[in-house]
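Peer 1: If it helps, the file is called query_22.txt and holds compact mmCIF, C-alpha atoms:
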# COMPACT_ATOMS: atom_id res chain seq x y z
CA MET O 1 0.00 0.00 0.00
CA ARG O 2 1.32 3.48 -0.88
CA SER O 3 1.93 5.71 2.10
CA LEU O 4 -0.37 8.69 2.58
CA LEU O 5 0.35 12.03 4.15
CA ILE O 6 -2.84 13.70 5.40
CA LEU O 7 -2.46 17.44 5.39
CA SER O 8 -4.25 19.61 7.90
CA LEU O 9 -7.76 20.91 7.33
CA ALA O 10 -8.96 24.38 8.17
CA CYS O 11 -12.13 26.41 7.83
CA CYS O 12 -14.65 26.07 5.04
CA GLY O 13 -14.63 27.83 1.67
CA VAL O 14 -16.16 26.25 -1.43
CA ALA O 15 -18.65 23.38 -1.39
CA PHE O 16 -17.28 20.07 -2.72
CA ALA O 17 -18.69 16.76 -3.89
CA GLN O 18 -15.92 14.91 -1.99
CA ASP O 19 -14.57 15.43 1.49
CA LYS O 20 -10.94 15.25 0.34
CA ILE O 21 -8.61 15.39 -2.66
CA VAL O 22 -6.13 12.57 -3.16
CA ALA O 23 -3.04 14.06 -4.80
CA ALA O 24 -0.22 12.10 -6.45
CA SER O 25 3.31 13.41 -6.16
CA ASP O 26 6.55 12.13 -7.69
CA VAL O 27 8.29 11.70 -4.32
CA GLY O 28 12.05 11.92 -4.78
CA TYR O 29 12.01 14.86 -7.20
CA GLN O 30 13.74 17.46 -5.03
CA PRO O 31 13.02 20.17 -4.10
CA PHE O 32 9.37 19.58 -4.99
CA SER O 33 8.76 16.39 -3.04
CA SER O 34 10.92 13.97 -1.08
CA ALA O 35 10.65 11.55 1.82
CA LYS O 36 11.59 12.78 5.28
CA PRO O 37 13.89 10.54 7.35
CA SER O 38 11.39 10.78 10.19
CA GLY O 39 8.49 9.75 7.94
CA GLY O 40 6.13 11.63 5.68
CA TYR O 41 7.03 13.96 2.84
CA GLU O 42 8.48 17.44 2.42
CA GLY O 43 9.22 19.93 -0.33
CA ILE O 44 7.72 22.76 -2.35
CA ASP O 45 4.64 20.84 -3.47
CA ILE O 46 4.04 19.39 0.00
CA ASP O 47 4.10 22.86 1.56
CA ILE O 48 1.80 24.19 -1.16
CA ALA O 49 -0.62 21.31 -0.60
CA ALA O 50 -0.76 22.16 3.11
CA ALA O 51 -1.41 25.82 2.30
CA LEU O 52 -4.09 24.89 -0.24
CA SER O 53 -5.77 22.64 2.30
CA LYS O 54 -5.86 25.48 4.79
CA GLU O 55 -7.17 27.99 2.25
CA MET O 56 -9.87 25.69 0.88
CA GLY O 57 -10.91 24.06 4.11
CA LYS O 58 -10.53 20.71 2.40
CA THR O 59 -8.21 17.81 3.22
CA ILE O 60 -5.51 16.91 0.71
CA GLU O 61 -3.95 13.46 0.94
CA VAL O 62 -0.58 13.09 -0.78
CA MET O 63 0.50 9.74 -2.20
CA ASP O 64 3.71 8.72 -3.94
CA GLN O 65 3.34 7.99 -7.66
CA PRO O 66 6.18 7.42 -10.17
CA TRP O 67 6.13 10.15 -12.80
CA SER O 68 6.04 7.67 -15.70
CA THR O 69 2.60 6.41 -14.63
CA THR O 70 1.17 9.64 -13.23
CA PHE O 71 -1.21 10.64 -16.03
CA ALA O 72 -2.37 7.07 -16.59
CA GLY O 73 -3.15 6.79 -12.87
CA LEU O 74 -5.03 10.09 -12.92
CA ASN O 75 -7.26 9.02 -15.80
CA ALA O 76 -7.79 5.62 -14.15
CA LYS O 77 -9.14 7.53 -11.09
CA LYS O 78 -6.50 6.19 -8.70
CA PHE O 79 -6.18 9.75 -7.44
CA ASP O 80 -7.72 13.16 -8.16
CA MET O 81 -4.83 15.53 -8.70
CA VAL O 82 -1.27 15.59 -10.03
CA LEU O 83 0.71 17.37 -7.31
CA SER O 84 3.93 17.67 -9.32
CA PRO O 85 5.28 20.41 -11.60
CA ALA O 86 3.80 19.24 -14.91
CA MET O 87 4.76 21.46 -17.84
CA ILE O 88 1.63 22.99 -19.34
CA THR O 89 1.67 22.29 -23.05
CA LYS O 90 -0.97 22.39 -25.77
CA GLU O 91 -0.94 18.59 -26.08
CA ARG O 92 -1.22 17.98 -22.34
CA SER O 93 -3.97 20.56 -21.87
CA GLU O 94 -6.12 18.64 -24.33
CA GLN O 95 -5.82 15.52 -22.15
CA VAL O 96 -5.64 17.03 -18.63
CA LEU O 97 -7.49 19.88 -16.93
CA PHE O 98 -4.88 22.26 -15.55
CA ALA O 99 -5.21 24.79 -12.77
CA GLN O 100 -3.44 28.05 -13.58
CA ALA O 101 0.35 27.79 -13.46
CA TYR O 102 2.05 27.98 -10.09
CA GLY O 103 5.67 28.11 -11.26
CA ASP O 104 8.03 29.16 -14.03
CA ALA O 105 10.14 26.51 -15.75
CA THR O 106 13.23 28.71 -15.98
CA TYR O 107 16.79 27.37 -16.28
CA GLN O 108 19.92 28.42 -14.40
CA PHE O 109 23.54 27.35 -14.23
CA VAL O 110 24.97 25.68 -11.14
CA LEU O 111 28.49 27.02 -10.53
CA LYS O 112 31.38 26.54 -8.15
CA LYS O 113 31.12 29.15 -5.41
CA GLY O 114 33.77 31.82 -5.88
CA GLY O 115 34.35 30.76 -9.48
CA VAL O 116 33.20 32.22 -12.79
CA LYS O 117 30.38 34.76 -12.64
CA VAL O 118 27.65 34.21 -15.21
CA THR O 119 25.43 37.13 -16.18
CA THR O 120 25.30 36.24 -19.89
CA PRO O 121 26.02 33.04 -21.86
CA ALA O 122 29.21 34.70 -23.14
CA ASP O 123 30.68 34.39 -19.63
CA LEU O 124 30.86 30.65 -20.25
CA LYS O 125 32.58 30.93 -23.62
CA GLY O 126 35.08 28.11 -23.99
CA LYS O 127 34.07 26.54 -20.65
CA VAL O 128 33.04 22.95 -19.91
CA ILE O 129 29.34 22.60 -19.10
CA ALA O 130 27.65 19.53 -17.65
CA VAL O 131 24.15 18.44 -18.52
CA ASN O 132 21.77 15.50 -18.20
CA LYS O 133 22.05 13.67 -21.52
CA GLY O 134 19.35 14.42 -24.11
CA ASN O 135 17.11 16.68 -22.03
CA LEU O 136 15.89 20.23 -22.76
CA PHE O 137 19.05 21.75 -21.30
CA ASP O 138 21.22 19.58 -23.52
CA LYS O 139 19.29 20.84 -26.55
CA TRP O 140 19.62 24.48 -25.43
CA LEU O 141 23.39 24.14 -24.99
CA THR O 142 23.86 22.23 -28.24
CA ALA O 143 21.97 24.87 -30.24
CA ARG O 144 24.42 27.53 -28.99
CA GLN O 145 27.63 25.50 -28.92
CA ALA O 146 29.02 26.94 -32.16
CA GLU O 147 28.35 30.50 -30.98
CA PHE O 148 29.92 30.20 -27.54
CA GLY O 149 32.43 27.43 -28.07
CA TRP O 150 31.67 25.56 -24.88
CA THR O 151 32.35 21.87 -24.37
CA ILE O 152 29.31 19.83 -23.30
CA ASN O 153 29.85 16.92 -20.90
CA ARG O 154 26.76 14.72 -20.89
CA TYR O 155 25.76 12.57 -17.90
CA ASP O 156 23.12 9.90 -17.43
CA LYS O 157 21.81 11.55 -14.26
CA ASN O 158 21.16 15.15 -13.35
CA SER O 159 22.81 14.57 -9.98
CA ASP O 160 26.01 13.41 -11.68
CA ALA O 161 26.11 16.57 -13.80
CA ILE O 162 25.81 18.72 -10.68
CA GLN O 163 28.42 16.66 -8.81
CA SER O 164 30.88 17.25 -11.66
CA VAL O 165 30.75 20.98 -10.86
CA ALA O 166 31.31 20.40 -7.15
CA SER O 167 34.33 18.19 -7.90
CA GLY O 168 35.82 20.67 -10.37
CA GLN O 169 35.45 18.44 -13.44
CA THR O 170 33.20 20.99 -15.17
CA ASP O 171 32.68 24.74 -14.89
CA ALA O 172 28.88 24.73 -14.77
CA ALA O 173 25.77 22.56 -15.05
CA LEU O 174 22.49 23.65 -16.60
CA VAL O 175 19.30 22.65 -14.73
CA TYR O 176 15.91 24.05 -13.77
CA SER O 177 16.16 27.12 -11.52
CA ALA O 178 14.37 25.39 -8.64
CA VAL O 179 16.90 22.54 -8.71
CA ALA O 180 19.84 24.95 -9.07
CA GLY O 181 18.70 26.99 -6.08
CA TYR O 182 18.03 23.92 -3.98
CA VAL O 183 21.43 22.27 -4.53
CA ALA O 184 23.24 25.57 -4.00
CA LYS O 185 21.33 26.08 -0.75
CA GLN O 186 22.33 22.61 0.41
CA SER O 187 26.00 22.78 -0.61
CA PRO O 188 28.70 25.11 0.74
CA VAL O 189 30.66 24.86 -2.53
CA LEU O 190 27.92 25.57 -5.09
CA ALA O 191 26.17 28.73 -6.29
CA THR O 192 23.61 29.73 -8.93
CA SER O 193 24.16 31.97 -11.94
CA ASP O 194 22.67 35.44 -12.06
CA TYR O 195 21.71 34.60 -15.63
CA VAL O 196 18.20 33.11 -15.88
CA ILE O 197 16.87 31.49 -19.06
CA ASN O 198 13.15 32.19 -19.36
CA ASN O 199 11.42 30.64 -22.36
CA GLY O 200 7.97 31.46 -21.03
CA GLU O 201 7.31 27.84 -20.05
CA VAL O 202 5.22 27.26 -16.93
CA TYR O 203 4.14 24.28 -14.87
CA GLY O 204 0.92 23.49 -13.04
CA TYR O 205 -1.23 20.95 -11.25
CA GLY O 206 -3.41 18.63 -13.34
CA PHE O 207 -6.87 17.10 -12.91
CA ARG O 208 -9.12 14.80 -14.93
CA LYS O 209 -11.11 16.46 -17.69
CA ASP O 210 -14.37 15.61 -15.92
CA ASP O 211 -13.26 17.03 -12.56
CA LYS O 212 -13.80 20.75 -13.02
CA ALA O 213 -15.04 21.15 -9.44
CA ASN O 214 -11.72 20.19 -7.84
CA ARG O 215 -9.70 22.00 -10.50
CA ASP O 216 -11.63 25.21 -9.97
CA ALA O 217 -11.37 24.97 -6.17
CA VAL O 218 -7.60 24.45 -6.25
CA ASP O 219 -7.15 27.19 -8.85
CA LEU O 220 -9.05 29.73 -6.76
CA ALA O 221 -7.05 28.78 -3.67
CA LEU O 222 -3.82 29.13 -5.66
CA GLN O 223 -4.87 32.65 -6.58
CA CYS O 224 -5.15 33.47 -2.89
CA LEU O 225 -1.70 31.99 -2.19
CA LYS O 226 -0.26 34.14 -4.95
CA LYS O 227 -1.93 37.28 -3.63
CA ASN O 228 -0.73 36.82 -0.04
CA GLY O 229 2.82 35.84 -1.04
CA THR O 230 2.66 32.25 0.21
CA LEU O 231 3.81 30.66 -3.07
CA ALA O 232 6.81 32.97 -3.37
CA ALA O 233 7.74 32.37 0.29
CA ILE O 234 7.61 28.59 -0.12
CA TYR O 235 9.77 28.76 -3.25
CA LYS O 236 12.38 30.90 -1.47
CA LYS O 237 12.35 28.59 1.56
CA TRP O 238 13.42 25.61 -0.55
CA THR O 239 15.59 27.29 -3.20
CA GLY O 240 16.91 30.49 -1.70
CA LEU O 241 15.72 32.24 -4.88
CA GLU O 242 13.22 35.02 -5.38
CA ALA O 243 10.16 34.35 -7.51
CA LEU O 244 10.06 36.24 -10.79
CA PRO O 245 8.13 39.50 -10.15
CA ASP O 246 5.98 38.96 -13.25
CA GLY O 247 6.10 35.17 -13.12
CA ALA O 248 3.56 32.46 -12.43
CA MET O 249 4.12 32.44 -8.65
CA MET O 250 3.11 36.08 -8.41
CA LYS O 251 0.78 36.71 -11.35
CA VAL O 252 -2.91 36.04 -10.76
CA THR O 253 -4.83 35.38 -13.96
CA ALA O 254 -8.57 35.98 -14.24
CA GLY O 255 -10.82 32.94 -14.33
CA VAL O 256 -9.48 29.40 -13.82
CA GLY O 257 -7.03 27.35 -15.83
CA GLN O 258 -4.09 28.60 -17.87
CA PRO O 259 -4.99 31.28 -20.42
CA GLY O 260 -4.30 30.21 -23.98
CA PHE O 261 -4.67 26.49 -23.27
CA ALA O 262 -7.58 24.05 -23.39
CA GLY O 263 -9.70 24.03 -20.24
CA TYR O 264 -9.32 27.73 -19.45
CA ASP O 265 -12.56 29.26 -18.15
CA ALA O 266 -12.64 33.05 -17.90
CA SER O 267 -16.18 33.11 -16.51
CA VAL O 268 -15.33 31.96 -12.97
CA PRO O 269 -15.27 34.98 -10.62
CA ALA O 270 -12.30 35.88 -8.44
CA PRO O 271 -12.10 34.10 -5.05
CA LYS O 272 -12.88 35.55 -1.66
CA CYS O 273 -9.59 34.86 0.06
CA LYS O 274 -9.19 34.33 3.78
Would you mind writing the file out in structure tokens?
Peer 2:
Amino acid sequence: MRSLLILSLACCGVAFAQDKIVAASDVGYQPFSSAKPSGGYEGIDIDIAAALSKEMGKTIEVMDQPWSTTFAGLNAKKFDMVLSPAMITKERSEQVLFAQAYGDATYQFVLKKGGVKVTTPADLKGKVIAVNKGNLFDKWLTARQAEFGWTINRYDKNSDAIQSVASGQTDAALVYSAVAGYVAKQSPVLATSDYVINNGEVYGYGFRKDDKANRDAVDLALQCLKKNGTLAAIYKKWTGLEALPDGAMMKVTAGVGQPGFAGYDASVPAPKCK
């Protein structure tokens, strides 16, 4: 049986058909969700789930679900919500009902503390950069390799790419900003680049297409957490980084869902936040 973490329940808000939301999280994907040595889970998504539960007045139960089977499990009704940073894309939005984005999928370089300063890609000209083989960061680096003349060292695991910077084998590693901030916060020898790559990609929580009630309730609660600064505070707690001032953690969009994608509903009025 998968372990469950029952998050606290507070006062009432919206009326629901169920008395709880079961949310699946890819436990082990730091800093979003990981197992605590003492039991239970912790991370960005776990803290957000607790804050959502308090804002909605509705219990959220978090269960561990491998990412590879997450969307299949959602559609099979094994759980109600994907509590992991799923990139919102046109294709996904046609299969999954998204709440409005709660984070920006920006990239940053992990660097050796006290080493090269990176405010532009040119600062890494001729340097050796580590990356997880074949991912989005690999493609970004490869597309600019001729321009900046960097050497790309490819690793099978993201953690190995980051470790290569700590050990001095490479000058930098390119990862998501949240991961970069988290590892730099944990390590006395690592730092993050000032340079942030923002392609406008965002991530959000997903629901079944026929579950508009739970999607709308979570979306409205997320809007409240954006307005009162809770999302930005949770992000900084785990990464040491500030949320983008005009990014998804701060920007409240009208209606529910992500504007420009399937499932967006502009007719839902703004929430009455606690």
Peer 1: Tell me which protein, DNA and RNA residues are within 8 Å of region 203-206 of chain O, counting all atoms listed in the file, leaving out same-chain ones fewer than 3 positions away, and put them as a list in words.
Peer 2: Met81, Val82, Leu83, Ser84, Pro85, Ala86, Met87, Ile88, Val96, Leu97, Phe98, Ala99, Gln100, Ala101, Tyr102, Gly103, Asp104, Ala105 and Arg215 of chain O
Peer 1: With 12 Å as the cut-off and only C-alpha atoms counted, what is the closest atom pair between each nearby residue of region 146-219 of chain O and region 243-258 of chain O? Distances in Å to one decimal, ordered by chain and number, as JSON lines.
Peer 2:
{"residue": "O:Ser177", "atom": "CA", "partner": "O:Ala243", "partner_atom": "CA", "distance": 10.2}
{"residue": "O:Ala178", "atom": "CA", "partner": "O:Ala243", "partner_atom": "CA", "distance": 10.0}
{"residue": "O:Gly181", "atom": "CA", "partner": "O:Ala243", "partner_atom": "CA", "distance": 11.4}
{"residue": "O:Val196", "atom": "CA", "partner": "O:Leu244", "partner_atom": "CA", "distance": 10.1}
{"residue": "O:Ile197", "atom": "CA", "partner": "O:Leu244", "partner_atom": "CA", "distance": 11.7}
{"residue": "O:Asn198", "atom": "CA", "partner": "O:Gly247", "partner_atom": "CA", "distance": 9.9}
{"residue": "O:Asn199", "atom": "CA", "partner": "O:Gly247", "partner_atom": "CA", "distance": 11.6}
{"residue": "O:Gly200", "atom": "CA", "partner": "O:Gly247", "partner_atom": "CA", "distance": 8.9}
{"residue": "O:Glu201", "atom": "CA", "partner": "O:Ala248", "partner_atom": "CA", "distance": 9.7}
{"residue": "O:Val202", "atom": "CA", "partner": "O:Ala248", "partner_atom": "CA", "distance": 7.1}
{"residue": "O:Tyr203", "atom": "CA", "partner": "O:Ala248", "partner_atom": "CA", "distance": 8.6}
{"residue": "O:Gly204", "atom": "CA", "partner": "O:Gln258", "partner_atom": "CA", "distance": 8.6}
{"residue": "O:Tyr205", "atom": "CA", "partner": "O:Gly257", "partner_atom": "CA", "distance": 9.8}
{"residue": "O:Gly206", "atom": "CA", "partner": "O:Gly257", "partner_atom": "CA", "distance": 9.8}
{"residue": "O:Phe207", "atom": "CA", "partner": "O:Gly257", "partner_atom": "CA", "distance": 10.7}
{"residue": "O:Lys209", "atom": "CA", "partner": "O:Gly257", "partner_atom": "CA", "distance": 11.8}
{"residue": "O:Lys212", "atom": "CA", "partner": "O:Val256", "partner_atom": "CA", "distance": 9.7}
{"residue": "O:Ala213", "atom": "CA", "partner": "O:Val256", "partner_atom": "CA", "distance": 10.9}
{"residue": "O:Asn214", "atom": "CA", "partner": "O:Val256", "partner_atom": "CA", "distance": 11.2}
{"residue": "O:Arg215", "atom": "CA", "partner": "O:Gly257", "partner_atom": "CA", "distance": 8.0}
{"residue": "O:Asp216", "atom": "CA", "partner": "O:Val256", "partner_atom": "CA", "distance": 6.1}
{"residue": "O:Ala217", "atom": "CA", "partner": "O:Val256", "partner_atom": "CA", "distance": 9.0}
{"residue": "O:Val218", "atom": "CA", "partner": "O:Val256", "partner_atom": "CA", "distance": 9.2}
{"residue": "O:Asp219", "atom": "CA", "partner": "O:Val256", "partner_atom": "CA", "distance": 5.9}
Peer 1: Find the spatial neighbours of Ile44 (chain O), counting all atoms listed in the file, within a cut-off of 8 Å - ignore same-chain residues fewer than 3 positions away - and output them as a VMD selection string.
Peer 2: chain O and resid 31 to 33 47 to 48 234 to 235 238
Peer 1: Write to file, as a CSV table (one decimal), in the coordinates of the input, the residues of the selection just made, with C-alpha atoms.
Peer 2:
chain,number,residue,atom,x,y,z
O,31,PRO,CA,13.0,20.2,-4.1
O,32,PHE,CA,9.4,19.6,-5.0
O,33,SER,CA,8.8,16.4,-3.0
O,47,ASP,CA,4.1,22.9,1.6
O,48,ILE,CA,1.8,24.2,-1.2
O,234,ILE,CA,7.6,28.6,-0.1
O,235,TYR,CA,9.8,28.8,-3.2
O,238,TRP,CA,13.4,25.6,-0.6
Peer 1: As a ChimeraX atom specification, please: the residues near Gln108 (chain O) (cut-off 12 Å, only C-alpha atoms, same-chain neighbours under 6 positions excluded).
Peer 2: /O:118-121,131,137,140-141,162,172-184,191-199,241
Peer 1: Any chance you could work out the axis-aligned box around region 219-237 of chain O, listed atoms only, 4 Å on each side, giving centre and edge lengths in Å to one decimal, as AutoDock Vina command-line options?
Peer 2:
--center_x 1.7 --center_y 32.2 --center_z -3.6 --size_x 29.4 --size_y 18.1 --size_z 18.4
Peer 1: In the coordinates of the file, take the point (27.8, 19.4, -5.4) and a cut-off of 10 Å; then, counting all atoms listed in the file, name each qualifying protein, DNA or RNA residue as a PyMOL selection string.
Peer 2: chain O and resi 110-112+159-168+183-184+186-191
Peer 1: Distance CA of Lys58 (chain O)-CA of Asp210 (chain O), one decimal place?
Peer 2: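 Going from CA of Lys58 (chain O) over to CA of Asp210 (chain O), I get 19.4 Å.
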Peer 1: Between CA of Glu147 (chain O) and CA of Phe109 (chain O), what is the spacing in Å?
Peer 2: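 Between CA of Phe109 (chain O) and CA of Glu147 (chain O) the gap is 17.7 Å.
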Peer 1: So, with all atoms listed in the file as the atoms that count, which of O:Asn75, O:Ser25, O:Asn135, O:Ser93 lies closest to Val62 (chain O)?
Peer 2: O:Ser25
